[in-house]
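Trainee: structure.cif is reproduced in full below (mmCIF, C-alpha atoms).
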```cif
data_upload
loop_
_atom_site.label_atom_id
_atom_site.label_comp_id
_atom_site.auth_asym_id
_atom_site.auth_seq_id
_atom_site.Cartn_x
_atom_site.Cartn_y
_atom_site.Cartn_z
CA MET A 1 -9.16 7.47 15.45
CA ARG A 2 -7.98 6.44 18.92
CA THR A 3 -6.56 2.98 19.22
CA CYS A 4 -4.61 0.99 21.80
CA SER A 5 -2.65 -2.15 22.50
CA LEU A 6 -4.06 -5.15 24.38
CA LYS A 7 -2.58 -7.36 27.05
CA ILE A 8 -4.29 -10.55 28.24
CA ARG A 9 -3.04 -12.51 31.22
CA ASN A 10 -4.20 -15.93 32.48
CA LEU A 11 -7.66 -15.56 30.96
CA THR A 12 -9.85 -18.54 31.84
CA LYS A 13 -13.53 -19.16 31.15
CA ARG A 14 -15.67 -22.11 32.24
CA PHE A 15 -19.26 -22.97 31.37
CA ARG A 16 -21.21 -25.04 33.85
CA SER A 17 -24.36 -27.11 33.57
CA ILE A 18 -26.04 -29.65 35.81
CA TYR A 19 -24.20 -32.37 33.89
CA ARG A 20 -20.64 -31.12 33.54
CA GLU A 21 -18.21 -28.24 33.45
CA VAL A 22 -16.52 -27.18 30.20
CA THR A 23 -13.38 -25.05 30.16
CA ALA A 24 -13.66 -22.86 27.08
CA LEU A 25 -10.44 -20.91 27.67
CA LYS A 26 -7.41 -22.06 29.66
CA ASP A 27 -4.90 -19.49 30.89
CA ILE A 28 -4.74 -17.42 27.70
CA ASN A 29 -1.73 -15.08 27.59
CA LEU A 30 -1.47 -12.74 24.60
CA GLU A 31 -0.30 -9.28 23.67
CA VAL A 32 -1.62 -7.33 20.70
CA GLU A 33 0.30 -4.31 19.50
CA GLU A 34 -1.30 -0.95 18.82
CA GLY A 35 -2.65 -0.83 15.27
CA GLU A 36 -2.04 -4.54 14.68
CA PHE A 37 -4.32 -6.85 12.70
CA PHE A 38 -4.33 -9.89 14.99
CA VAL A 39 -6.15 -13.08 13.99
CA ILE A 40 -7.51 -15.76 16.31
CA LEU A 41 -7.62 -19.00 14.31
CA GLY A 42 -8.97 -22.39 15.25
CA PRO A 43 -11.63 -25.03 14.63
CA SER A 44 -15.23 -24.74 15.79
CA GLY A 45 -15.58 -25.02 19.55
CA CYS A 46 -12.01 -24.00 20.40
CA GLY A 47 -13.05 -20.86 22.33
CA LYS A 48 -12.48 -18.15 19.68
CA SER A 49 -15.84 -16.40 20.02
CA THR A 50 -15.81 -16.71 23.81
CA PHE A 51 -12.44 -14.96 23.85
CA LEU A 52 -13.77 -12.13 21.67
CA ASN A 53 -16.93 -11.79 23.78
CA ILE A 54 -14.83 -11.34 26.92
CA LEU A 55 -12.77 -8.62 25.25
CA ALA A 56 -15.98 -6.93 24.11
CA GLY A 57 -17.43 -7.05 27.63
CA LEU A 58 -20.27 -9.42 26.71
CA GLU A 59 -19.08 -12.27 28.94
CA LYS A 60 -17.20 -12.38 32.23
CA PRO A 61 -14.18 -14.66 32.65
CA ASP A 62 -13.55 -16.88 35.68
CA LYS A 63 -9.92 -15.81 35.99
CA GLY A 64 -7.50 -13.37 34.47
CA LYS A 65 -6.86 -9.75 33.57
CA VAL A 66 -7.19 -7.66 30.41
CA TRP A 67 -5.59 -4.28 29.67
CA PHE A 68 -6.58 -1.89 26.90
CA GLY A 69 -3.42 0.15 26.61
CA ASN A 70 -2.47 1.03 30.19
CA ARG A 71 -6.06 0.77 31.37
CA LEU A 72 -7.15 -2.35 33.24
CA VAL A 73 -10.63 -3.28 31.96
CA VAL A 74 -10.97 -6.81 33.40
CA SER A 75 -9.60 -8.18 36.65
CA VAL A 76 -11.44 -11.09 38.21
CA GLU A 77 -9.16 -10.94 41.23
CA ASP A 78 -10.04 -7.26 41.85
CA GLY A 79 -13.73 -7.59 40.91
CA LEU A 80 -13.27 -5.25 37.93
CA PHE A 81 -15.28 -5.67 34.73
CA LEU A 82 -15.90 -2.58 32.61
CA SER A 83 -18.92 -2.40 30.33
CA PRO A 84 -18.56 -2.42 26.53
CA ARG A 85 -19.24 1.33 26.37
CA GLU A 86 -16.49 2.03 28.90
CA ARG A 87 -14.02 0.01 26.79
CA ASN A 88 -14.86 1.82 23.53
CA VAL A 89 -14.91 -1.39 21.49
CA ALA A 90 -16.83 -2.07 18.30
CA MET A 91 -17.83 -5.57 17.23
CA VAL A 92 -19.01 -7.08 13.95
CA PHE A 93 -20.74 -10.46 14.13
CA GLN A 94 -21.16 -13.29 11.66
CA SER A 95 -24.80 -12.28 11.21
CA TYR A 96 -25.17 -8.72 9.96
CA ALA A 97 -27.63 -7.81 12.76
CA LEU A 98 -29.04 -4.80 10.89
CA TYR A 99 -32.31 -3.17 11.88
CA PRO A 100 -34.74 -4.05 9.03
CA HIS A 101 -37.03 -1.04 9.63
CA MET A 102 -34.15 1.46 9.36
CA ASN A 103 -32.39 2.57 6.21
CA VAL A 104 -28.62 2.27 5.86
CA PHE A 105 -27.97 5.79 7.17
CA GLU A 106 -29.95 5.15 10.36
CA ASN A 107 -28.37 1.73 10.86
CA ILE A 108 -24.92 3.27 10.75
CA ALA A 109 -25.96 6.28 12.84
CA PHE A 110 -27.69 4.24 15.55
CA PRO A 111 -24.74 3.96 18.03
CA LEU A 112 -24.07 7.69 17.64
CA ARG A 113 -27.70 8.59 18.39
CA VAL A 114 -27.61 6.34 21.46
CA ALA A 115 -24.46 8.19 22.58
CA GLY A 116 -26.34 11.49 22.20
CA LEU A 117 -24.15 13.10 19.54
CA PRO A 118 -25.56 16.16 17.74
CA GLY A 119 -27.20 15.61 14.36
CA GLU A 120 -24.60 17.53 12.36
CA GLU A 121 -21.72 15.46 13.72
CA ILE A 122 -23.67 12.25 13.10
CA GLU A 123 -24.21 13.22 9.47
CA VAL A 124 -20.53 14.02 8.97
CA ARG A 125 -19.37 10.75 10.55
CA VAL A 126 -21.87 8.55 8.70
CA ASN A 127 -21.09 10.12 5.32
CA ARG A 128 -17.36 9.77 5.92
CA VAL A 129 -17.42 6.08 6.85
CA ALA A 130 -19.97 5.31 4.10
CA GLY A 131 -17.60 6.86 1.57
CA MET A 132 -14.69 4.79 2.90
CA LEU A 133 -16.70 1.59 2.45
CA ASP A 134 -18.19 2.57 -0.92
CA ILE A 135 -21.81 2.49 0.26
CA ALA A 136 -22.62 6.21 0.10
CA GLU A 137 -25.19 5.65 -2.67
CA LEU A 138 -27.00 3.10 -0.46
CA LEU A 139 -27.68 5.34 2.54
CA HIS A 140 -31.42 5.57 1.79
CA SER A 141 -31.85 1.83 1.08
CA ARG A 142 -33.28 -0.73 3.49
CA PRO A 143 -31.28 -3.87 4.44
CA ARG A 144 -33.64 -6.14 2.46
CA GLU A 145 -32.64 -4.27 -0.72
CA LEU A 146 -28.93 -5.00 -0.25
CA SER A 147 -26.72 -7.90 -1.24
CA GLY A 148 -24.81 -9.89 1.36
CA GLY A 149 -21.60 -7.99 0.68
CA GLN A 150 -23.36 -4.64 0.97
CA ARG A 151 -24.99 -5.65 4.27
CA GLN A 152 -21.61 -6.64 5.65
CA ARG A 153 -20.19 -3.27 4.65
CA VAL A 154 -23.04 -1.57 6.52
CA ALA A 155 -22.33 -3.67 9.62
CA ILE A 156 -18.64 -2.75 9.43
CA ALA A 157 -19.51 0.93 8.92
CA ARG A 158 -21.79 0.90 11.97
CA ALA A 159 -18.89 -0.44 14.05
CA LEU A 160 -16.28 1.98 12.68
CA VAL A 161 -18.42 5.12 12.90
CA ARG A 162 -17.92 5.14 16.68
CA ASN A 163 -14.14 5.59 16.31
CA PRO A 164 -13.42 2.55 18.50
CA SER A 165 -10.17 1.89 20.33
CA VAL A 166 -10.43 -1.80 19.45
CA PHE A 167 -12.21 -3.37 16.48
CA LEU A 168 -13.49 -6.94 17.01
CA LEU A 169 -14.68 -9.14 14.13
CA ASP A 170 -16.27 -12.54 14.71
CA GLU A 171 -16.16 -14.49 11.40
CA PRO A 172 -17.73 -11.55 9.52
CA LEU A 173 -17.22 -13.01 6.02
CA SER A 174 -18.38 -16.58 6.55
CA ASN A 175 -21.85 -15.95 5.09
CA LEU A 176 -20.47 -14.66 1.80
CA ASP A 177 -19.71 -16.72 -1.29
CA ALA A 178 -16.07 -17.53 -2.09
CA GLN A 179 -15.51 -14.83 -4.72
CA LEU A 180 -17.09 -12.07 -2.64
CA ARG A 181 -15.24 -13.27 0.46
CA GLN A 182 -11.93 -12.89 -1.35
CA LYS A 183 -12.83 -9.36 -2.46
CA MET A 184 -13.97 -8.36 1.03
CA ARG A 185 -10.76 -9.71 2.57
CA ALA A 186 -8.71 -7.38 0.40
CA GLU A 187 -10.97 -4.41 1.16
CA LEU A 188 -10.96 -5.11 4.88
CA LYS A 189 -7.17 -5.36 4.98
CA ALA A 190 -6.80 -2.08 3.07
CA LEU A 191 -9.31 -0.36 5.37
CA GLN A 192 -7.51 -1.54 8.50
CA ARG A 193 -4.21 -0.35 7.09
CA GLU A 194 -5.72 3.06 6.40
CA LEU A 195 -7.32 3.45 9.83
CA ARG A 196 -4.58 1.66 11.83
CA VAL A 197 -7.16 0.61 14.41
CA THR A 198 -6.18 -2.35 16.59
CA THR A 199 -8.16 -5.25 15.16
CA LEU A 200 -8.87 -8.76 16.43
CA TYR A 201 -10.36 -11.05 13.85
CA VAL A 202 -11.79 -14.50 14.67
CA THR A 203 -11.98 -17.16 11.97
CA HIS A 204 -11.80 -20.90 11.35
CA ASP A 205 -10.59 -20.24 7.79
CA GLN A 206 -6.81 -20.53 7.54
CA VAL A 207 -6.76 -18.67 4.20
CA GLU A 208 -8.38 -15.65 5.86
CA ALA A 209 -5.91 -15.88 8.73
CA MET A 210 -2.87 -16.10 6.48
CA THR A 211 -3.94 -13.26 4.18
CA LEU A 212 -5.26 -10.85 6.80
CA GLY A 213 -3.18 -11.27 9.93
CA ASP A 214 -0.02 -9.43 10.91
CA ARG A 215 0.16 -12.17 13.52
CA ILE A 216 -1.93 -15.23 14.23
CA ALA A 217 -2.77 -17.06 17.45
CA ILE A 218 -3.91 -20.65 16.89
CA LEU A 219 -6.33 -22.07 19.45
CA LYS A 220 -7.27 -25.66 20.19
CA ASP A 221 -9.55 -26.71 23.05
CA GLY A 222 -9.24 -23.30 24.64
CA GLU A 223 -5.44 -23.24 24.67
CA VAL A 224 -3.00 -21.23 22.55
CA GLN A 225 -0.92 -23.58 20.41
CA GLN A 226 1.31 -21.03 18.69
CA VAL A 227 1.60 -17.29 18.05
CA GLY A 228 3.53 -15.78 15.17
CA ASN A 229 3.35 -14.14 11.79
CA PRO A 230 1.88 -16.22 8.93
CA LEU A 231 5.24 -17.32 7.52
CA GLU A 232 6.61 -18.33 10.94
CA ILE A 233 3.60 -20.50 11.63
CA TYR A 234 3.61 -22.02 8.15
CA HIS A 235 7.31 -22.86 8.01
CA ASN A 236 7.91 -23.63 11.71
CA PRO A 237 4.79 -25.19 13.26
CA SER A 238 5.19 -25.87 16.97
CA ASN A 239 3.24 -29.16 16.93
CA ILE A 240 1.36 -31.53 14.65
CA PHE A 241 -1.96 -29.77 15.26
CA VAL A 242 -0.61 -26.51 13.84
CA ALA A 243 1.21 -28.38 11.06
CA GLY A 244 -1.98 -30.19 10.04
CA PHE A 245 -4.25 -27.16 10.42
CA ILE A 246 -2.25 -24.71 8.30
CA GLY A 247 -1.77 -25.32 4.58
CA THR A 248 -3.92 -26.42 1.64
CA PRO A 249 -3.62 -29.35 1.50
CA PRO A 250 -2.26 -29.66 5.05
CA MET A 251 1.17 -31.02 5.87
CA ASN A 252 1.69 -34.76 5.38
CA LEU A 253 2.29 -36.39 8.77
CA LEU A 254 3.83 -39.87 8.61
CA LYS A 255 4.72 -42.26 11.41
CA ALA A 256 8.37 -43.27 11.15
CA ARG A 257 11.20 -44.96 13.03
CA ALA A 258 14.70 -43.53 13.26
CA ILE A 259 17.54 -45.83 12.22
CA MET A 260 21.30 -45.38 11.75
CA GLU A 261 23.22 -46.64 8.72
CA HIS A 262 26.86 -45.90 7.88
CA GLY A 263 26.92 -43.03 10.36
CA SER A 264 23.83 -41.35 8.91
CA CYS A 265 20.31 -41.07 10.31
CA PHE A 266 17.35 -42.29 8.28
CA LEU A 267 13.60 -42.36 8.77
CA LYS A 268 12.11 -45.73 7.96
CA ILE A 269 8.51 -45.61 6.75
CA GLY A 270 7.27 -48.98 5.55
CA ASP A 271 9.91 -50.15 3.09
CA ILE A 272 11.14 -46.62 2.38
CA LYS A 273 14.18 -45.00 4.01
CA ILE A 274 14.61 -41.21 3.92
CA LYS A 275 17.87 -39.63 4.99
CA ILE A 276 17.64 -36.70 7.41
CA LYS A 277 20.15 -34.21 8.72
CA ALA A 278 18.87 -34.11 12.29
CA GLU A 279 20.13 -36.52 14.91
CA VAL A 280 17.37 -38.39 16.72
CA VAL A 281 17.45 -41.33 19.09
CA LYS A 282 17.98 -44.60 17.25
CA GLY A 283 14.85 -46.76 17.19
CA LYS A 284 12.66 -43.91 18.42
CA GLU A 285 9.16 -43.55 17.02
CA ILE A 286 8.70 -40.07 15.60
CA ILE A 287 6.41 -38.24 13.18
CA MET A 288 7.79 -36.88 9.93
CA GLY A 289 6.11 -33.86 8.39
CA ILE A 290 6.44 -32.76 4.78
CA ARG A 291 4.41 -30.13 2.93
CA PRO A 292 2.75 -31.49 -0.25
CA GLU A 293 4.35 -28.70 -2.30
CA ASP A 294 7.83 -29.59 -0.96
CA ILE A 295 7.80 -33.04 -2.59
CA GLU A 296 9.52 -33.16 -5.97
CA VAL A 297 8.51 -35.40 -8.87
CA VAL A 298 11.67 -36.44 -10.72
CA LYS A 299 11.90 -38.01 -14.16
CA GLU A 300 15.13 -39.97 -13.61
CA PRO A 301 16.37 -41.92 -10.56
CA VAL A 302 18.44 -39.73 -8.22
CA THR A 303 19.91 -40.46 -4.80
CA GLY A 304 17.13 -40.65 -2.21
CA SER A 305 14.27 -40.86 -4.71
CA PHE A 306 11.68 -43.64 -4.73
CA GLU A 307 8.51 -44.64 -6.53
CA VAL A 308 4.92 -44.32 -5.32
CA ARG A 309 1.61 -45.31 -6.91
CA ILE A 310 -1.05 -42.68 -7.55
CA THR A 311 -4.43 -43.54 -6.04
CA LEU A 312 -6.25 -40.32 -6.97
CA VAL A 313 -5.59 -37.14 -8.95
CA GLU A 314 -7.22 -33.77 -8.20
CA HIS A 315 -7.07 -31.45 -11.24
CA LEU A 316 -7.33 -27.83 -10.11
CA GLY A 317 -6.56 -26.04 -13.36
CA THR A 318 -3.30 -24.29 -12.47
CA GLU A 319 -2.11 -27.09 -10.19
CA SER A 320 -2.82 -30.71 -9.33
CA ILE A 321 -2.73 -32.86 -6.20
CA LEU A 322 -1.59 -36.48 -6.35
CA HIS A 323 -2.82 -38.89 -3.68
CA THR A 324 -0.32 -41.67 -2.89
CA ASN A 325 0.75 -43.85 0.03
CA ILE A 326 3.95 -44.79 1.85
CA GLY A 327 3.34 -47.91 3.88
CA LYS A 328 0.17 -47.24 5.85
CA ASN A 329 0.58 -43.48 5.56
CA ARG A 330 -1.24 -41.32 3.04
CA LEU A 331 1.02 -38.93 1.13
CA LEU A 332 -0.24 -35.94 -0.88
CA ILE A 333 1.89 -34.27 -3.54
CA LYS A 334 1.05 -30.78 -4.81
CA LEU A 335 2.35 -29.84 -8.26
CA LYS A 336 2.36 -26.30 -9.67
CA GLU A 337 0.85 -27.43 -12.94
CA ASP A 338 -2.13 -29.47 -14.06
CA VAL A 339 -0.45 -32.72 -15.07
CA ASP A 340 -1.81 -35.61 -17.11
CA TYR A 341 -1.33 -38.30 -14.48
CA ARG A 342 -4.01 -40.90 -13.86
CA GLU A 343 -4.99 -43.27 -11.10
CA GLY A 344 -2.65 -46.25 -11.05
CA ASP A 345 0.33 -44.42 -12.56
CA ARG A 346 3.64 -44.66 -10.74
CA VAL A 347 5.81 -41.60 -10.20
CA ARG A 348 9.29 -41.16 -8.75
CA ILE A 349 9.51 -38.59 -5.96
CA LEU A 350 12.24 -36.95 -3.92
CA ILE A 351 11.90 -35.60 -0.39
CA ARG A 352 14.82 -33.34 0.47
CA PRO A 353 16.07 -33.50 4.11
CA GLU A 354 15.96 -29.73 4.59
CA LYS A 355 12.21 -29.72 3.86
CA ILE A 356 11.38 -32.30 6.54
CA HIS A 357 9.74 -31.39 9.87
CA LEU A 358 10.21 -33.70 12.85
CA PHE A 359 7.80 -34.15 15.76
CA ASP A 360 8.07 -36.38 18.82
CA GLU A 361 5.54 -39.07 19.70
CA ASN A 362 3.52 -36.45 21.61
CA GLY A 363 3.30 -34.24 18.53
CA LYS A 364 5.73 -31.53 19.66
CA SER A 365 8.23 -30.11 17.18
CA LEU A 366 11.79 -31.37 17.53
CA ARG A 367 13.25 -28.29 15.86
#
```
As structure tokens, please, write out the structure in this file.
Mentor:
Amino acid sequence: MRTCSLKIRNLTKRFRSIYREVTALKDINLEVEEGEFFVILGPSGCGKSTFLNILAGLEKPDKGKVWFGNRLVVSVEDGLFLSPRERNVAMVFQSYALYPHMNVFENIAFPLRVAGLPGEEIEVRVNRVAGMLDIAELLHSRPRELSGGQRQRVAIARALVRNPSVFLLDEPLSNLDAQLRQKMRAELKALQRELRVTTLYVTHDQVEAMTLGDRIAILKDGEVQQVGNPLEIYHNPSNIFVAGFIGTPPMNLLKARAIMEHGSCFLKIGDIKIKIKAEVVKGKEIIMGIRPEDIEVVKEPVTGSFEVRITLVEHLGTESILHTNIGKNRLLIKLKEDVDYREGDRVRILIRPEKIHLFDENGKSLR
């Protein structure tokens, strides 16, 4: 299977109406390596699908250039915009978009028949990709006879049978139930690893992004907030949007003031003071970030620990989440066991300095 790298430079897309102009993408600059599983993650309306549609050749940008390998496929400045067929891309949408009057074999074979391939080659290709996706026994079935997971496999097979250079997936698992979605994630990852086709996957689900992506680009309001592998983004978020978007539950973000005592720097939050290792400007308003799982519950008083009151307990079987407050800030604590705490109980917690993330008043990371 042929595949290629991607390079995107200054990609901008605006939508205009008689009332206003909306910028869906703002100067997007990205590079995707050959054979990489690259995830575009962000909330609804951030420009994810628009970005994918431009790569697929379904929409034209207002500015920018796109390369597939060494081949320039989009250049607004040069008036170049290759069609989807000329780019050799395959796309899977959120809706399965199967032809109801065709059986599974014909649904998968359709792009090959349109391309004019001989019948023998079509049969070989369809049988091969159907075997890879474990749907060979369904080739004579109609879409209405299939489950949601089986329909999604057919849609993926129809895309892969063309041997695309780039594989584009626009939230393909969002219509599946949670258990099936988890199973399909694992199968999709294994399939991509086997084929090594360059894949761009759009989702609003951070769990999908973290489990599938070799690297992730996080979008907000049409702008890239951060690019990195899942662990980089999780442990070193570039701003409070990324910090609050990644993680279940998301990172606690608390408004604090920096103070100095006895030559050490502390963060003052309400009546609580937390010692930090970083040096920040005295009296400066900053935002302290701490992951819920990085907060320790201690049985005995230790240096730096303090008490909080539980306002709500979420029992999740293998773990539990305690809802508490520090001053006017909500604080969530995630424990790796299902504990017998109740609303109104008081617990002593410890926040270690090395686990703290610091952001300036504009939300940008200070580390």
Trainee: Could the centre and edge lengths of an axis-aligned box, enclosing all atoms of region 87-97 of chain A in the file with 4 Å extra on each side, be given in Å to one decimal as AutoDock Vina command-line options?
Mentor:
```
--center_x -20.8 --center_y -5.7 --center_z 18.4 --size_x 21.6 --size_y 23.1 --size_z 24.8
```
Trainee: For Ile240 (chain A), which of A:Leu253, A:Val39, A:Val74, A:Met132 is the closest residue, counting only C-alpha atoms?
Mentor: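 Of all the options, A:Leu253 lies closest to Ile240 (chain A).
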Trainee: Do you know which residues the PyMOL selection byres ((chain A and resi 140-144) around 6) returns on this file, as a list in words?
Mentor: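 For this structure, the PyMOL selection byres ((chain A and resi 140-144) around 6) captures Pro100, Asn103, Val104, Leu138, Leu139, Glu145 and Leu146 of chain A.
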Trainee: To one decimal place, how far is CA of Gly247 (chain A) from CA of Ser49 (chain A) in Å?
Mentor: 22.7 Å
Trainee: Please provide the set of residues having any atom within 6 Å of region 302-312 of chain A, restricted to only C-alpha atoms, with same-chain residues fewer than 2 positions apart removed, written as a list in words.
Mentor: His323, Thr324, Glu343, Gly344, Asp345, Arg346, Val347, Arg348, Ile349 and Leu350 of chain A
Trainee: Save the residues we just selected, C-alpha atoms, as a PDB file, in the frame of the given file?
Mentor:
```pdb
ATOM      1  CA  HIS A 323      -2.820 -38.890  -3.680  1.00  0.00           C
ATOM      2  CA  THR A 324      -0.320 -41.670  -2.890  1.00  0.00           C
ATOM      3  CA  GLU A 343      -4.990 -43.270 -11.100  1.00  0.00           C
ATOM      4  CA  GLY A 344      -2.650 -46.250 -11.050  1.00  0.00           C
ATOM      5  CA  ASP A 345       0.330 -44.420 -12.560  1.00  0.00           C
ATOM      6  CA  ARG A 346       3.640 -44.660 -10.740  1.00  0.00           C
ATOM      7  CA  VAL A 347       5.810 -41.600 -10.200  1.00  0.00           C
ATOM      8  CA  ARG A 348       9.290 -41.160  -8.750  1.00  0.00           C
ATOM      9  CA  ILE A 349       9.510 -38.590  -5.960  1.00  0.00           C
ATOM     10  CA  LEU A 350      12.240 -36.950  -3.920  1.00  0.00           C
TER      11      LEU A 350
END
```
